[in-house]
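> The structure's right below; bear with me while I get my questions together.
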Amino acid sequence: MTDRVIVGVTGATGQAYAVSALELLDRTAVDVHLIVSDAARVTLRQETDYAVGDLLELGDAVHDVDNIGAETASGSFRTAGMLITPCSMKTLAAIAHGYSGNLITRSADVTLKERRPLVLMPRESPFNRIHLENMLTVTDAGGIVVPPFPSFYQRPDSVEEMVDTTMKRALSQLGVDLDHDEWDGVGA
Ligand SMILES: Cc1cc2nc3c(=O)[nH]c(=O)nc-3n(C[C@H](O)[C@H](O)[C@H](O)COP(=O)(O)O)c2cc1C
């Protein structure tokens, strides 16, 4: 199995999830092919202290979102799968309908057609029927929807810890196993 994964970052709120994913993957031997949308750059600036350049440095290879000729646009480029975090409703809609208008949505389409894991972390609130139907469509096509909903039972000490816990669970869906806590039950 290849140790390459594609990471797409889109313009939904929750850029901390992208930072977490890339920092966690940086601790592994996994080769990250990173694609950041134009809207993600705006949202990243709005909600984190990260410059876009800092984020891009965490990718082993960085592809322009408009470079539809990049390796990840072809199924012949073998990967262990793709993560999109956070995933906007626009990108979710495009993937659900096979509309491969940029390198993120094309790479996601390829990941699905090659039957490789596609993990989406869609973020919106509240969801309308279109959002929910699109998540169902992607799930029916083999995608894995992992909304960035935090859990509280570990009693996290910080937002970063909450984000990392959620991200470790998402990455495990791609076969990247970090030291995520296993629930060992609770007494009645
Ligand atoms: C600060 C900010 C927060 C946003 N939050 C969300 C969000 O949570 N969910 C969403 O679907 N779109 C959100 N958007 C809108 C998307 O960025 C917008 O629809 C964009 O066209 C998505 O493009 P992309 O999927 O190519 O990144 C947000 C935009 C900004 C500027």
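Following the order of the structure tokens, chains are lettered A, B, ..., residues in each are numbered from 1, and ligands are numbered from 1.
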To check your reading of the model: which residues sit at most 8 Å from ligand 1 when counting only C-alpha atoms and all ligand atoms? Write the answer as a list in words.
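Final answer, ordered by chain and number: Val9, Thr10, Gly11, Ala12, Thr13, Gly14, Val36, Ser37, Asp38, Ala39, Ala40, Val42, Thr43, Leu44, Gln46, Glu47, Cys87, Ser88, Met89, Lys90, Thr91, Leu92, Pro122, Arg123, Glu124 and Ser125 of chain A.
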> Identify, with DSSP run on backbone atoms, the residues in segment 39-130 of chain A assigned to strand (DSSP E or B), and express the list as a PyMOL selection string.
chain A and resi 61-63+82-87+118-122
> With N, CA, C and O atoms retained, could you export that selection as a compact mmCIF listing (two decimals), in the first residue's frame?

```txt
# COMPACT_ATOMS: atom_id res chain seq x y z
N ALA A 61 4.06 17.75 -1.09
CA ALA A 61 3.89 18.31 -2.44
C ALA A 61 2.66 19.21 -2.36
O ALA A 61 1.70 18.89 -1.67
N VAL A 62 2.75 20.34 -3.03
CA VAL A 62 1.62 21.29 -3.01
C VAL A 62 1.18 21.51 -4.45
O VAL A 62 2.01 21.75 -5.33
N HIS A 63 -0.12 21.38 -4.67
CA HIS A 63 -0.66 21.56 -6.02
C HIS A 63 -1.62 22.73 -6.05
O HIS A 63 -2.45 22.88 -5.14
N MET A 82 -8.03 10.20 0.29
CA MET A 82 -8.06 11.67 0.33
C MET A 82 -8.90 12.14 1.50
O MET A 82 -9.94 11.56 1.81
N LEU A 83 -8.42 13.22 2.12
CA LEU A 83 -9.15 13.88 3.21
C LEU A 83 -9.46 15.31 2.76
O LEU A 83 -8.57 15.99 2.21
N ILE A 84 -10.70 15.76 2.97
CA ILE A 84 -11.03 17.17 2.73
C ILE A 84 -11.49 17.77 4.05
O ILE A 84 -12.52 17.37 4.59
N THR A 85 -10.69 18.70 4.55
CA THR A 85 -10.99 19.28 5.86
C THR A 85 -10.58 20.73 5.94
O THR A 85 -9.45 21.04 5.57
N PRO A 86 -11.45 21.66 6.35
CA PRO A 86 -12.88 21.44 6.41
C PRO A 86 -13.42 21.37 4.99
O PRO A 86 -12.77 21.82 4.05
N CYS A 87 -14.61 20.80 4.84
CA CYS A 87 -15.21 20.67 3.51
C CYS A 87 -16.42 21.59 3.41
O CYS A 87 -17.38 21.45 4.18
N LEU A 118 -12.40 8.19 0.66
CA LEU A 118 -12.55 9.64 0.57
C LEU A 118 -13.22 10.10 1.85
O LEU A 118 -14.37 9.74 2.11
N VAL A 119 -12.49 10.84 2.68
CA VAL A 119 -13.02 11.28 3.97
C VAL A 119 -13.31 12.77 3.89
O VAL A 119 -12.41 13.58 3.63
N LEU A 120 -14.58 13.11 4.08
CA LEU A 120 -14.99 14.52 4.03
C LEU A 120 -15.38 14.98 5.42
O LEU A 120 -16.09 14.26 6.13
N MET A 121 -14.93 16.18 5.77
CA MET A 121 -15.34 16.77 7.05
C MET A 121 -16.17 18.02 6.76
O MET A 121 -15.69 19.16 6.87
N PRO A 122 -17.45 17.81 6.38
CA PRO A 122 -18.29 18.94 5.97
C PRO A 122 -18.70 19.78 7.16
O PRO A 122 -19.00 19.26 8.23
```
> Provide the atom CA of Ser20 of chain A to atom CA of Glu160 of chain A distance in Å, to one decimal place.
8.0 Å
> Identify, with DSSP run on backbone atoms, the residues in segment 28-97 of chain A assigned to helix (DSSP H, G or I), and express the list as a PyMOL selection string.
chain A and resi 38-47+52-56+71-73+89-96
> Please tabulate, as a tab-separated table, the residues of segment 128-183 of chain A that come within 9 Å of segment 104-115 of chain A, each with its closest pair of atoms and the distance in Å to one decimal, counting only C-alpha atoms and ordering rows by chain, then residue number upward.

```
residue	atom	partner	partner_atom	distance
A:Val138	CA	A:Leu112	CA	9.0
A:Ala141	CA	A:Leu112	CA	7.0
A:Gly142	CA	A:Leu112	CA	6.6
A:Gly143	CA	A:Leu112	CA	6.9
```
